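protein-v2.cif (mmCIF, C-alpha atoms) appears below.
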```cif
data_entry
loop_
_atom_site.label_atom_id
_atom_site.label_comp_id
_atom_site.auth_asym_id
_atom_site.auth_seq_id
_atom_site.Cartn_x
_atom_site.Cartn_y
_atom_site.Cartn_z
CA MET M 1 108.99 90.47 110.71
CA ALA M 2 108.20 90.69 114.40
CA ALA M 3 105.12 92.89 114.10
CA ASN M 4 102.26 91.95 116.40
CA ASN M 5 98.72 92.89 117.26
CA THR M 6 99.33 92.13 120.93
CA LEU M 7 102.51 93.06 122.74
CA SER M 8 103.98 92.35 126.11
CA ILE M 9 105.25 95.49 127.82
CA SER M 10 106.90 96.43 131.12
CA PHE M 11 106.64 99.86 132.73
CA THR M 12 106.35 101.71 136.04
CA VAL M 13 103.31 103.67 137.24
CA ASN M 14 103.71 105.89 140.31
CA GLY M 15 106.69 103.82 141.38
CA GLU M 16 104.87 100.48 141.06
CA LYS M 17 106.48 98.07 138.58
CA PHE M 18 104.41 96.20 135.99
CA ASN M 19 106.16 93.37 134.14
CA ASN M 20 105.15 91.65 130.88
CA VAL M 21 101.59 92.95 130.65
CA ASN M 22 99.76 92.11 127.43
CA VAL M 23 98.43 95.07 125.53
CA PRO M 24 96.60 95.32 122.17
CA SER M 25 98.80 97.34 119.79
CA ARG M 26 95.91 99.66 118.87
CA GLN M 27 95.14 100.66 122.47
CA HIS M 28 96.20 104.12 123.57
CA LEU M 29 97.88 104.69 126.90
CA ALA M 30 94.92 106.44 128.56
CA ASP M 31 92.57 103.48 127.91
CA PHE M 32 95.29 101.10 129.00
CA LEU M 33 95.97 102.93 132.28
CA ARG M 34 92.26 103.02 133.06
CA SER M 35 92.03 99.26 132.36
CA GLN M 36 94.82 98.78 134.93
CA GLY M 37 92.82 100.69 137.57
CA PHE M 38 94.35 104.15 137.15
CA THR M 39 91.01 105.79 136.52
CA GLY M 40 92.25 109.21 137.64
CA THR M 41 93.34 109.64 134.02
CA HIS M 42 90.26 111.05 132.31
CA LEU M 43 89.28 110.77 128.67
CA GLY M 44 87.52 113.67 127.00
CA CYS M 45 88.16 114.19 123.32
CA GLU M 46 90.74 111.52 122.44
CA GLN M 47 92.27 113.86 119.88
CA GLY M 48 94.62 115.89 122.06
CA ALA M 49 92.45 118.98 122.42
CA CYS M 50 90.94 118.80 125.91
CA GLY M 51 93.97 117.94 128.06
CA ALA M 52 92.07 115.80 130.61
CA CYS M 53 94.29 112.76 129.95
CA THR M 54 97.61 114.58 130.49
CA ILE M 55 100.06 112.41 132.46
CA GLU M 56 103.79 112.44 133.08
CA MET M 57 105.89 110.08 130.94
CA ASP M 58 109.63 109.90 131.72
CA GLY M 59 109.43 113.28 133.44
CA LYS M 60 107.52 115.09 130.69
CA ALA M 61 103.84 115.95 130.42
CA VAL M 62 102.18 114.10 127.52
CA ARG M 63 98.65 113.49 126.29
CA SER M 64 98.07 109.83 127.13
CA CYS M 65 95.37 109.58 124.42
CA LEU M 66 98.05 110.46 121.84
CA VAL M 67 100.54 107.84 122.96
CA LEU M 68 100.11 104.13 122.29
CA ALA M 69 100.36 101.84 125.30
CA SER M 70 102.96 99.88 123.32
CA GLN M 71 105.12 103.02 123.16
CA ALA M 72 105.23 103.11 126.96
CA ASN M 73 107.37 99.97 127.09
CA GLY M 74 110.20 100.70 129.53
CA SER M 75 108.74 104.05 130.57
CA ASP M 76 108.30 105.61 133.96
CA LEU M 77 104.74 106.98 134.19
CA LYS M 78 103.10 109.20 136.74
CA THR M 79 99.34 109.73 136.95
CA VAL M 80 97.25 111.98 139.18
CA GLU M 81 97.11 109.16 141.78
CA GLY M 82 100.86 109.64 142.25
CA PHE M 83 100.68 113.36 142.94
CA ASP M 84 101.35 113.00 146.65
CA ASP M 85 104.53 114.99 147.17
CA LYS M 86 104.60 118.15 149.28
CA MET M 87 104.26 120.54 146.35
CA MET M 88 101.28 118.72 144.81
CA GLU M 89 99.54 118.43 148.20
CA GLN M 90 99.82 122.19 148.45
CA VAL M 91 98.43 122.60 144.92
CA LYS M 92 95.46 120.36 145.73
CA GLN M 93 94.72 122.35 148.90
CA SER M 94 94.85 125.55 146.90
CA PHE M 95 92.46 124.14 144.27
CA LEU M 96 90.07 123.08 147.07
CA LYS M 97 90.25 126.47 148.77
CA HIS M 98 89.40 128.34 145.56
CA ASN M 99 86.72 125.85 144.43
CA ALA M 100 88.78 125.07 141.33
CA PHE M 101 87.70 121.42 141.17
CA GLN M 102 83.92 121.60 140.69
CA CYS M 103 83.00 118.49 138.64
CA GLY M 104 86.61 117.33 138.67
CA PHE M 105 86.74 116.08 135.10
CA CYS M 106 89.52 118.40 133.93
CA SER M 107 91.35 118.33 137.28
CA PRO M 108 93.96 115.60 136.57
CA GLY M 109 95.10 117.53 133.50
CA MET M 110 94.88 120.90 135.26
CA LEU M 111 97.00 119.60 138.15
CA MET M 112 99.58 118.22 135.71
CA THR M 113 99.77 121.56 133.89
CA THR M 114 100.02 123.41 137.21
CA LYS M 115 102.91 121.14 138.15
CA GLU M 116 104.72 122.06 134.93
CA ILE M 117 104.12 125.76 135.56
CA LEU M 118 105.48 125.50 139.10
CA LEU M 119 108.53 123.47 138.06
CA SER M 120 109.36 126.02 135.37
CA LYS M 121 109.68 128.59 138.21
CA LYS M 122 108.17 131.26 135.98
CA LYS M 123 106.39 134.10 137.67
CA LEU M 124 103.28 134.45 135.54
CA THR M 125 100.61 137.12 135.31
CA ARG M 126 96.94 136.07 135.27
CA ASP M 127 96.90 136.46 131.47
CA GLU M 128 99.98 134.28 131.15
CA ILE M 129 98.42 131.63 133.41
CA ARG M 130 95.38 131.56 131.10
CA SER M 131 97.70 131.10 128.15
CA GLU M 132 99.58 128.27 129.92
CA ILE M 133 96.36 126.38 130.70
CA SER M 134 94.88 127.00 127.24
CA GLY M 135 95.55 123.35 126.40
CA ASN M 136 93.15 122.19 129.13
CA TYR M 137 89.40 122.55 128.78
CA CYS M 138 87.22 123.23 131.82
CA ARG M 139 83.45 123.44 131.29
CA CYS M 140 82.46 124.41 134.87
CA THR M 141 84.56 127.12 136.38
CA GLY M 142 84.97 129.64 133.60
CA TYR M 143 88.65 129.20 134.56
CA GLN M 144 88.42 132.06 137.06
CA SER M 145 88.78 129.90 140.16
CA ILE M 146 91.49 127.77 138.53
CA VAL M 147 93.52 130.89 137.70
CA ASP M 148 92.99 132.05 141.33
CA ALA M 149 94.34 128.72 142.62
CA ILE M 150 97.34 128.61 140.28
CA GLU M 151 98.18 132.25 141.03
CA GLU M 152 98.25 131.46 144.76
CA CYS M 153 100.44 128.37 144.14
CA ILE M 154 102.93 130.43 142.12
CA ASN M 155 103.16 133.02 144.89
CA GLU M 156 103.69 130.35 147.54
CA VAL M 157 106.28 128.31 145.65
CA ASN M 158 108.42 131.17 144.37
CA MET Z 1 92.17 120.02 108.79
CA ILE Z 2 91.77 116.90 110.91
CA ARG Z 3 89.13 118.63 113.02
CA LEU Z 4 87.15 119.42 109.89
CA ILE Z 5 87.17 115.83 108.68
CA CYS Z 6 86.19 114.59 112.17
CA TYR Z 7 83.28 116.99 112.16
CA LEU Z 8 82.15 115.82 108.74
CA MET Z 9 82.32 112.20 109.90
CA GLY Z 10 80.09 113.07 112.83
CA GLY Z 11 82.57 111.75 115.38
CA LYS Z 12 81.55 108.21 114.55
CA TYR Z 13 84.63 106.48 115.93
CA MET Z 14 86.89 107.25 118.87
CA LYS Z 15 89.17 104.22 118.90
CA ALA Z 16 91.77 103.19 116.38
CA ALA Z 17 91.13 100.24 114.05
CA ASN Z 18 93.43 97.29 114.43
CA PHE Z 19 97.01 97.49 113.24
CA SER Z 20 100.24 95.78 114.06
CA TYR Z 21 103.05 97.60 115.82
CA TYR Z 22 106.70 97.29 115.04
CA GLU Z 23 109.46 98.97 116.99
CA ALA Z 24 112.28 99.65 114.52
CA LYS Z 25 115.79 98.97 115.81
CA ASN Z 26 117.48 101.35 113.41
CA ILE Z 27 116.68 103.38 110.34
CA GLN Z 28 117.64 100.60 107.87
CA ASP Z 29 115.32 98.25 109.69
CA ALA Z 30 112.45 100.77 109.42
CA ILE Z 31 113.15 101.39 105.71
CA LYS Z 32 113.08 97.65 104.98
CA ILE Z 33 109.68 97.17 106.60
CA LYS Z 34 108.21 100.31 104.97
CA ALA Z 35 109.51 99.35 101.51
CA ASN Z 36 107.73 95.99 101.69
CA ASP Z 37 104.37 97.17 103.04
CA GLU Z 38 102.69 100.03 101.23
CA GLU Z 39 100.07 100.38 103.96
CA ALA Z 40 102.59 100.70 106.76
CA VAL Z 41 102.94 104.14 108.32
CA ILE Z 42 105.85 105.66 110.22
CA LEU Z 43 105.14 106.61 113.84
CA ALA Z 44 107.41 109.29 115.28
CA GLY Z 45 105.79 111.53 117.92
CA GLY Z 46 102.30 110.52 116.80
CA GLN Z 47 100.69 113.83 117.77
CA SER Z 48 98.94 114.19 114.40
CA LEU Z 49 98.84 110.50 113.50
CA LEU Z 50 97.14 109.27 116.68
CA PRO Z 51 94.14 111.61 116.43
CA ALA Z 52 93.76 110.45 112.82
CA LEU Z 53 93.92 106.81 113.94
CA ASN Z 54 91.49 107.38 116.83
CA MET Z 55 89.04 108.97 114.37
CA ARG Z 56 89.68 106.19 111.86
CA LEU Z 57 90.60 108.70 109.19
CA SER Z 58 93.58 106.48 108.62
CA SER Z 59 93.81 102.71 109.11
CA PRO Z 60 97.31 101.52 108.30
CA SER Z 61 98.28 97.84 108.38
CA CYS Z 62 101.29 98.48 110.55
CA LEU Z 63 102.85 101.30 112.55
CA ILE Z 64 106.62 101.38 112.33
CA ASP Z 65 107.72 103.13 115.51
CA ILE Z 66 110.96 105.01 114.87
CA SER Z 67 110.77 107.11 118.04
CA LYS Z 68 113.31 105.01 119.94
CA ILE Z 69 116.00 105.09 117.24
CA SER Z 70 118.98 107.00 118.60
CA GLY Z 71 120.95 109.66 116.72
CA LEU Z 72 117.99 111.18 114.89
CA ASN Z 73 117.47 114.19 117.14
CA ASP Z 74 120.66 116.18 116.57
CA ILE Z 75 120.46 119.95 116.18
CA ILE Z 76 123.71 121.16 114.62
CA ILE Z 77 125.24 123.68 112.23
CA ASP Z 78 126.14 121.85 109.02
CA GLY Z 79 128.06 124.22 106.71
CA ASP Z 80 125.66 126.97 105.64
CA TYR Z 81 122.68 125.15 107.13
CA LEU Z 82 120.99 124.59 110.46
CA PHE Z 83 120.30 120.85 110.58
CA ILE Z 84 117.44 119.56 112.74
CA GLY Z 85 117.15 115.79 113.12
CA ALA Z 86 113.72 114.35 112.38
CA LEU Z 87 113.12 113.11 115.91
CA ALA Z 88 113.94 116.36 117.72
CA THR Z 89 110.73 117.23 119.57
CA HIS Z 90 109.23 120.73 119.35
CA SER Z 91 110.23 121.21 123.02
CA ASP Z 92 113.83 120.15 122.20
CA VAL Z 93 113.98 122.70 119.37
CA MET Z 94 112.46 125.50 121.49
CA ARG Z 95 115.01 124.98 124.27
CA ASN Z 96 118.01 124.70 121.92
CA GLU Z 97 120.79 127.32 122.15
CA ILE Z 98 121.80 127.04 118.47
CA VAL Z 99 118.22 127.55 117.31
CA SER Z 100 117.74 130.59 119.52
CA GLN Z 101 120.90 132.15 118.05
CA LYS Z 102 120.58 131.15 114.41
CA MET Z 103 116.85 130.89 113.79
CA PRO Z 104 114.91 132.69 116.54
CA CYS Z 105 111.75 132.84 114.42
CA LEU Z 106 111.48 129.06 114.68
CA ILE Z 107 110.96 129.40 118.44
CA ASP Z 108 108.22 132.02 117.94
CA ILE Z 109 106.53 129.70 115.46
CA LEU Z 110 106.71 126.64 117.70
CA LYS Z 111 105.07 128.58 120.55
CA MET Z 112 101.98 128.57 118.34
CA VAL Z 113 102.11 124.81 117.72
CA ALA Z 114 99.58 123.16 120.06
CA HIS Z 115 100.40 123.02 123.79
CA PRO Z 116 103.42 122.02 125.91
CA ALA Z 117 102.24 118.43 126.51
CA ILE Z 118 101.90 117.94 122.74
CA ARG Z 119 105.16 119.72 121.95
CA ASN Z 120 106.93 117.36 124.37
CA LYS Z 121 106.08 114.46 122.06
CA GLY Z 122 105.53 115.92 118.57
CA THR Z 123 108.62 115.82 116.35
CA HIS Z 124 110.05 118.25 113.81
CA GLY Z 125 110.42 115.63 111.08
CA GLY Z 126 106.95 114.25 111.79
CA SER Z 127 105.31 117.61 111.18
CA ILE Z 128 107.32 118.13 107.97
CA ALA Z 129 106.54 114.63 106.67
CA TYR Z 130 102.84 114.64 107.61
CA GLY Z 131 102.33 117.79 105.54
CA ASP Z 132 99.17 119.13 107.19
CA PRO Z 133 98.24 122.21 105.12
CA ALA Z 134 97.30 124.06 108.32
CA ALA Z 135 100.59 123.30 110.07
CA GLU Z 136 103.31 125.91 110.49
CA LEU Z 137 106.48 123.87 109.87
CA PRO Z 138 105.78 122.78 106.26
CA ALA Z 139 105.15 126.45 105.39
CA LEU Z 140 108.36 127.46 107.17
CA ALA Z 141 110.33 124.84 105.23
CA VAL Z 142 108.95 126.22 101.95
CA ALA Z 143 109.47 129.86 102.97
CA THR Z 144 113.09 129.27 103.93
CA ASN Z 145 113.81 127.00 100.91
CA ALA Z 146 114.85 124.26 103.32
CA GLU Z 147 116.24 120.94 102.17
CA ILE Z 148 114.47 117.81 103.40
CA ILE Z 149 116.74 114.80 103.88
CA LEU Z 150 115.25 111.41 103.07
CA SER Z 151 116.80 108.01 103.76
CA GLY Z 152 115.87 105.11 101.50
CA GLN Z 153 117.06 101.74 100.23
CA ASN Z 154 119.50 103.45 97.87
CA GLY Z 155 120.93 105.79 100.51
CA ASP Z 156 120.13 109.40 101.30
CA ARG Z 157 118.77 112.10 99.04
CA SER Z 158 117.86 115.71 99.63
CA ILE Z 159 114.84 117.47 98.16
CA ASN Z 160 113.95 121.15 98.32
CA ALA Z 161 110.80 121.88 100.33
CA ASN Z 162 109.37 123.75 97.31
CA ASP Z 163 109.23 120.42 95.44
CA PHE Z 164 108.28 118.31 98.46
CA TYR Z 165 104.61 119.17 99.01
CA LEU Z 166 102.42 117.90 96.17
CA GLY Z 167 98.86 118.15 97.51
CA LEU Z 168 96.63 117.47 100.51
CA PHE Z 169 98.81 115.39 102.91
CA GLU Z 170 100.72 114.33 99.79
CA THR Z 171 104.50 114.57 99.66
CA ALA Z 172 107.39 113.43 97.46
CA ILE Z 173 108.39 110.70 99.97
CA ASN Z 174 108.82 107.38 98.14
CA GLN Z 175 107.55 104.15 99.61
CA ASP Z 176 110.98 103.09 100.81
CA GLU Z 177 111.90 106.50 102.25
CA ILE Z 178 111.81 108.14 105.67
CA VAL Z 179 112.45 111.79 106.54
CA VAL Z 180 115.60 111.87 108.69
CA GLY Z 181 116.24 115.59 108.95
CA ILE Z 182 115.67 119.12 107.70
CA LYS Z 183 118.35 121.61 106.65
CA TYR Z 184 117.44 125.29 106.94
CA PRO Z 185 119.74 127.74 105.12
CA LEU Z 186 121.35 130.08 107.65
CA LEU Z 187 120.18 133.70 107.58
CA LYS Z 188 122.05 135.91 105.11
CA GLN Z 189 122.96 139.56 105.61
CA GLY Z 190 119.74 141.61 105.80
CA GLN Z 191 117.48 138.56 105.81
CA VAL Z 192 114.60 138.15 108.27
CA PHE Z 193 111.77 135.65 108.60
CA LEU Z 194 108.54 137.05 109.96
CA PHE Z 195 105.52 135.04 110.97
CA ASP Z 196 101.94 135.68 111.99
CA GLU Z 197 98.71 133.72 112.10
CA VAL Z 198 95.09 134.19 113.07
CA CYS Z 199 93.38 131.57 115.23
CA ARG Z 200 90.45 131.53 117.61
CA ARG Z 201 92.25 129.88 120.49
CA HIS Z 202 95.94 129.73 121.36
CA GLY Z 203 97.44 126.46 120.12
CA ASP Z 204 94.68 125.64 117.66
CA TYR Z 205 95.33 125.29 113.97
CA ALA Z 206 95.31 128.70 112.33
CA MET Z 207 92.44 130.00 110.20
CA ALA Z 208 95.16 131.54 108.06
CA GLY Z 209 98.87 132.06 108.57
CA LEU Z 210 101.79 133.67 106.78
CA ILE Z 211 105.54 133.23 106.86
CA ALA Z 212 107.53 135.89 105.01
CA ASN Z 213 111.14 135.53 103.91
CA ILE Z 214 112.36 139.12 103.61
CA ILE Z 215 115.65 140.54 102.30
CA LEU Z 216 116.26 144.09 103.49
CA SER Z 217 118.74 146.54 102.07
CA SER Z 218 119.16 149.98 103.63
CA ASN Z 219 115.93 149.43 105.61
CA LYS Z 220 113.82 148.76 102.51
CA VAL Z 221 112.26 145.47 101.48
CA ASN Z 222 114.39 144.37 98.56
CA ASP Z 223 113.10 140.86 98.07
CA LEU Z 224 110.10 139.03 99.49
CA LYS Z 225 108.72 135.51 99.51
CA LEU Z 226 105.24 134.99 100.96
CA VAL Z 227 104.12 131.52 102.05
CA PHE Z 228 100.60 131.05 103.41
CA PHE Z 229 99.30 128.10 105.41
CA ALA Z 230 95.80 126.91 106.36
CA THR Z 231 94.65 128.50 103.10
CA GLY Z 232 94.70 125.68 100.54
CA ASP Z 233 95.73 122.02 100.26
CA LYS Z 234 99.45 122.65 100.91
CA PRO Z 235 101.76 125.57 101.77
CA ASP Z 236 100.81 128.27 99.25
CA VAL Z 237 103.58 130.39 97.75
CA ALA Z 238 102.32 133.78 96.52
CA ASP Z 239 105.10 135.06 94.23
CA LYS Z 240 102.91 137.32 92.07
CA THR Z 241 101.45 139.00 95.14
CA ALA Z 242 104.92 139.45 96.64
CA LYS Z 243 106.09 141.11 93.42
CA LEU Z 244 103.03 143.35 93.38
CA PHE Z 245 103.72 144.38 96.96
CA LEU Z 246 107.31 145.28 96.08
CA GLN Z 247 106.05 147.51 93.27
CA THR Z 248 103.09 149.21 94.90
CA GLY Z 249 103.37 148.71 98.66
CA TYR Z 250 100.36 147.68 100.77
CA ASP Z 251 97.07 148.22 99.01
CA TYR Z 252 94.32 145.97 100.43
CA ASP Z 253 92.16 145.72 97.31
CA GLN Z 254 95.00 145.11 94.90
CA LEU Z 255 96.70 142.50 97.07
CA LYS Z 256 93.40 140.77 97.75
CA ASN Z 257 92.67 140.51 94.02
CA SER Z 258 96.12 139.19 93.38
CA LEU Z 259 95.87 136.59 96.17
CA SER Z 260 92.49 135.37 94.98
CA SER Z 261 93.87 134.77 91.48
CA GLU Z 262 96.98 133.06 92.80
CA ILE Z 263 95.74 130.82 95.64
CA ASP Z 264 92.84 128.40 95.58
CA PHE Z 265 91.44 129.24 99.03
CA ALA Z 266 89.64 126.30 100.63
CA GLY Z 267 87.17 127.09 103.43
CA ASP Z 268 86.93 124.93 106.55
CA LEU Z 269 84.89 124.60 109.73
CA ASN Z 270 86.03 127.91 111.20
CA SER Z 271 86.33 130.13 108.18
CA SER Z 272 84.99 130.34 104.64
CA SER Z 273 87.30 130.75 101.66
CA GLU Z 274 86.35 134.47 101.46
CA MET Z 275 87.27 134.93 105.10
CA LYS Z 276 90.61 133.19 104.57
CA LEU Z 277 91.28 135.48 101.59
CA HIS Z 278 90.56 138.51 103.77
CA LEU Z 279 92.75 137.21 106.61
CA ALA Z 280 95.61 136.38 104.22
CA THR Z 281 95.53 139.96 102.88
CA ILE Z 282 95.45 141.43 106.38
CA LEU Z 283 98.35 139.18 107.42
CA ILE Z 284 100.58 140.91 104.87
CA LYS Z 285 99.84 144.19 106.65
CA LYS Z 286 100.48 142.64 110.05
CA ILE Z 287 103.86 141.35 108.87
CA ILE Z 288 104.79 144.76 107.47
CA ASN Z 289 103.79 146.40 110.75
CA LYS Z 290 106.09 143.99 112.58
CA LEU Z 291 108.90 144.86 110.20
CA GLU Z 292 108.44 148.59 110.82
CA ALA Z 293 108.24 148.17 114.58
#
```

Spit out the file's structure as structure tokens when you get a sec.
Amino acid sequence: MAANNTLSISFTVNGEKFNNVNVPSRQHLADFLRSQGFTGTHLGCEQGACGACTIEMDGKAVRSCLVLASQANGSDLKTVEGFDDKMMEQVKQSFLKHNAFQCGFCSPGMLMTTKEILLSKKKLTRDEIRSEISGNYCRCTGYQSIVDAIEECINEVN
Amino acid sequence: MIRLICYLMGGKYMKAANFSYYEAKNIQDAIKIKANDEEAVILAGGQSLLPALNMRLSSPSCLIDISKISGLNDIIIDGDYLFIGALATHSDVMRNEIVSQKMPCLIDILKMVAHPAIRNKGTHGGSIAYGDPAAELPALAVATNAEIILSGQNGDRSINANDFYLGLFETAINQDEIVVGIKYPLLKQGQVFLFDEVCRRHGDYAMAGLIANIILSSNKVNDLKLVFFATGDKPDVADKTAKLFLQTGYDYDQLKNSLSSEIDFAGDLNSSSEMKLHLATILIKKIINKLEA
């Protein structure tokens, strides 16, 4: 049986290829990414509740604390460091303008969730925005400024 | 449930204990490994398993990853059933045309399961097999009398959801078996499934929830099956209470008495057993209001 405690995996992060990297089988993807220098991925609760570690895996938002690094073998990952396209630059400017970053701990997850909202092309009310970001904790802003920023992004994109 | 146990453990650990990882090539391969290692655990989406591992509530010897096996995420009509493959993610099911036509209540239910990033990874079969008493899908399977399809060393077998859940996280899955799909009976004439739950925050586990399987004839409730979740150690069927409701209609005190004699309500971090009993009674009213609307 080819079961191992250490595995060799290959994957892509923000377009950069990583080949045959050794990873302990028990390590989750968020810890692994941070160990590879992608410290924009934040760890809060490690049980899927806070949303700070949300990244994009093969085009879909996932909690990187609830995925094993070994499961990412062959995957295309995108972290907050890779959010440099035109739309995400606009989102970041909007967050800055409305003071939606504050301490910045929840921001990588908030930006990821905002990206999903914008890609879904849904025109959301403020209540609906709150519901969409309910999977991301913020302990600074009271969410008000984040909702302001996302609302502006929705109006600009659509 | 997991949150409660974490709280009781005082958040002592945040990283999984050591285990080996095995990526199964196909279902037979996975069955062979599982049959020979009683401490091995199947990993599908991992959205309930990984928190449990991170908290060290569970420390299996080996994780058998079945998530990359192809052909296990079909959503099709199979005779009188809607078949959902075990590896279909909650997002897959929510976006599916067949589901929205044949079983729209499933989409309403899945909206209440965690958050998009978790639904992108969590699987239908995983939720059914894990059997969290606070989860929606096990209760739905029981309420709809779904058939759960298991693959094992001696081939496939099907078991009714009513016989599948035995206790807290305990199911009728044998050591050499893996859940490969769920078959929901298609809606009959006059049949509706209604669902409601009470929780503090959208996407959290419910404090109490109810799925009702209702048969209507000439706009009157003719038959009723009530299945509660987040109330006890597994999906709780309340047949006596359903019968009482059919006879007397909604009477808070009567239904509450009946529920308390029929279900062993177990309190948790958010709500005591008395509160759950109250919420369960109120949920019957909320369901009836939905029906009348």

All residues 9 Å or closer to region 189-206 of chain Z, all atoms listed in the file, same chain fewer than 6 positions away omitted, as JSON, numbers by chain = {"M": [49, 131, 134, 135], "Z": [1, 103, 105, 106, 108, 109, 111, 112, 113, 114, 115, 134, 135, 136, 140, 143, 144, 212, 213, 214, 215, 216, 217, 218, 219, 229, 230, 270, 279, 280, 283, 284, 286, 287, 288, 290, 291]}

Can you write just those residues out, C-alpha atoms, as a PDB file, in the frame of the given file?
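Final output, saved to selection_28.pdb:
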```pdb
ATOM      1  CA  ALA M  49      92.450 118.980 122.420  1.00  0.00           C
ATOM      2  CA  SER M 131      97.700 131.100 128.150  1.00  0.00           C
ATOM      3  CA  SER M 134      94.880 127.000 127.240  1.00  0.00           C
ATOM      4  CA  GLY M 135      95.550 123.350 126.400  1.00  0.00           C
TER       5      GLY M 135
ATOM      6  CA  MET Z   1      92.170 120.020 108.790  1.00  0.00           C
ATOM      7  CA  MET Z 103     116.850 130.890 113.790  1.00  0.00           C
ATOM      8  CA  CYS Z 105     111.750 132.840 114.420  1.00  0.00           C
ATOM      9  CA  LEU Z 106     111.480 129.060 114.680  1.00  0.00           C
ATOM     10  CA  ASP Z 108     108.220 132.020 117.940  1.00  0.00           C
ATOM     11  CA  ILE Z 109     106.530 129.700 115.460  1.00  0.00           C
ATOM     12  CA  LYS Z 111     105.070 128.580 120.550  1.00  0.00           C
ATOM     13  CA  MET Z 112     101.980 128.570 118.340  1.00  0.00           C
ATOM     14  CA  VAL Z 113     102.110 124.810 117.720  1.00  0.00           C
ATOM     15  CA  ALA Z 114      99.580 123.160 120.060  1.00  0.00           C
ATOM     16  CA  HIS Z 115     100.400 123.020 123.790  1.00  0.00           C
ATOM     17  CA  ALA Z 134      97.300 124.060 108.320  1.00  0.00           C
ATOM     18  CA  ALA Z 135     100.590 123.300 110.070  1.00  0.00           C
ATOM     19  CA  GLU Z 136     103.310 125.910 110.490  1.00  0.00           C
ATOM     20  CA  LEU Z 140     108.360 127.460 107.170  1.00  0.00           C
ATOM     21  CA  ALA Z 143     109.470 129.860 102.970  1.00  0.00           C
ATOM     22  CA  THR Z 144     113.090 129.270 103.930  1.00  0.00           C
ATOM     23  CA  ALA Z 212     107.530 135.890 105.010  1.00  0.00           C
ATOM     24  CA  ASN Z 213     111.140 135.530 103.910  1.00  0.00           C
ATOM     25  CA  ILE Z 214     112.360 139.120 103.610  1.00  0.00           C
ATOM     26  CA  ILE Z 215     115.650 140.540 102.300  1.00  0.00           C
ATOM     27  CA  LEU Z 216     116.260 144.090 103.490  1.00  0.00           C
ATOM     28  CA  SER Z 217     118.740 146.540 102.070  1.00  0.00           C
ATOM     29  CA  SER Z 218     119.160 149.980 103.630  1.00  0.00           C
ATOM     30  CA  ASN Z 219     115.930 149.430 105.610  1.00  0.00           C
ATOM     31  CA  PHE Z 229      99.300 128.100 105.410  1.00  0.00           C
ATOM     32  CA  ALA Z 230      95.800 126.910 106.360  1.00  0.00           C
ATOM     33  CA  ASN Z 270      86.030 127.910 111.200  1.00  0.00           C
ATOM     34  CA  LEU Z 279      92.750 137.210 106.610  1.00  0.00           C
ATOM     35  CA  ALA Z 280      95.610 136.380 104.220  1.00  0.00           C
ATOM     36  CA  LEU Z 283      98.350 139.180 107.420  1.00  0.00           C
ATOM     37  CA  ILE Z 284     100.580 140.910 104.870  1.00  0.00           C
ATOM     38  CA  LYS Z 286     100.480 142.640 110.050  1.00  0.00           C
ATOM     39  CA  ILE Z 287     103.860 141.350 108.870  1.00  0.00           C
ATOM     40  CA  ILE Z 288     104.790 144.760 107.470  1.00  0.00           C
ATOM     41  CA  LYS Z 290     106.090 143.990 112.580  1.00  0.00           C
ATOM     42  CA  LEU Z 291     108.900 144.860 110.200  1.00  0.00           C
TER      43      LEU Z 291
END
```

Expressed in Å, the length from CA of Ile55 (chain M) to CA of Ile27 (chain Z) is 29.1 Å

So what do you get for CA of Asp253 (chain Z) versus CA of Leu277 (chain Z), distance-wise?
->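 Going from CA of Asp253 (chain Z) over to CA of Leu277 (chain Z) covers 11.1 Å.
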
Output as a PyMOL selection string the set of chain Z residues within 9 Å of chain M, with distances taken over all atoms listed in the file.
-> chain Z and resi 3+14-23+33+45-55+62-65+67+114-121+201-204

Excluding Ser127 (chain Z) and residues on its chain fewer than 4 positions from it, collect all residues at most 7 Å away from it, counting all atoms listed in the file, and give them as a list in words.
-> Thr123, Gly131 and Leu137 of chain Z

Determine, counting all atoms listed in the file, which protein, DNA and RNA residues have an atom within 12 Å of an atom of region 138-152 of chain M; residues of the same chain fewer than 3 positions away are not included. Present the result as a PyMOL selection string.
-> chain M and resi 44+49-52+88+90-118+122-135+155-158

With only C-alpha atoms as the atoms that count, which of M:Asn19, M:Asp85, M:Val80, M:Ser120 lies nearest to His42 (chain M)?
->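 With only C-alpha atoms as the atom set, the closest residue is M:Val80.
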
Rounded to one decimal in Å, what is the spacing between CA of Val179 (chain Z) and CA of Lys68 (chain Z)?
-> 15.0 Å

Can you list, as a list in words, every protein, DNA or RNA residue that comes within 12 Å of Gly249 (chain Z) when you count all atoms listed in the file, leaving out same-chain residues fewer than 3 positions away?
->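 What passes the distance filter is Lys220, Val221, Asn222, Leu224, Thr241, Ala242, Lys243, Leu244, Phe245, Leu246, Tyr252, Asp253, Gln254, Leu255, Ile284, Lys285 and Ile288 of chain Z.
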
Would you translate the PyMOL selection byres ((chain Z and resi 141) around 10) into the concrete set of residues it matches in this file, as JSON, numbers by chain?
-> {"Z": [128, 136, 137, 138, 139, 140, 142, 143, 144, 145, 146, 147, 148, 160, 161, 162, 164, 182, 183, 184, 185, 211, 227, 235]}
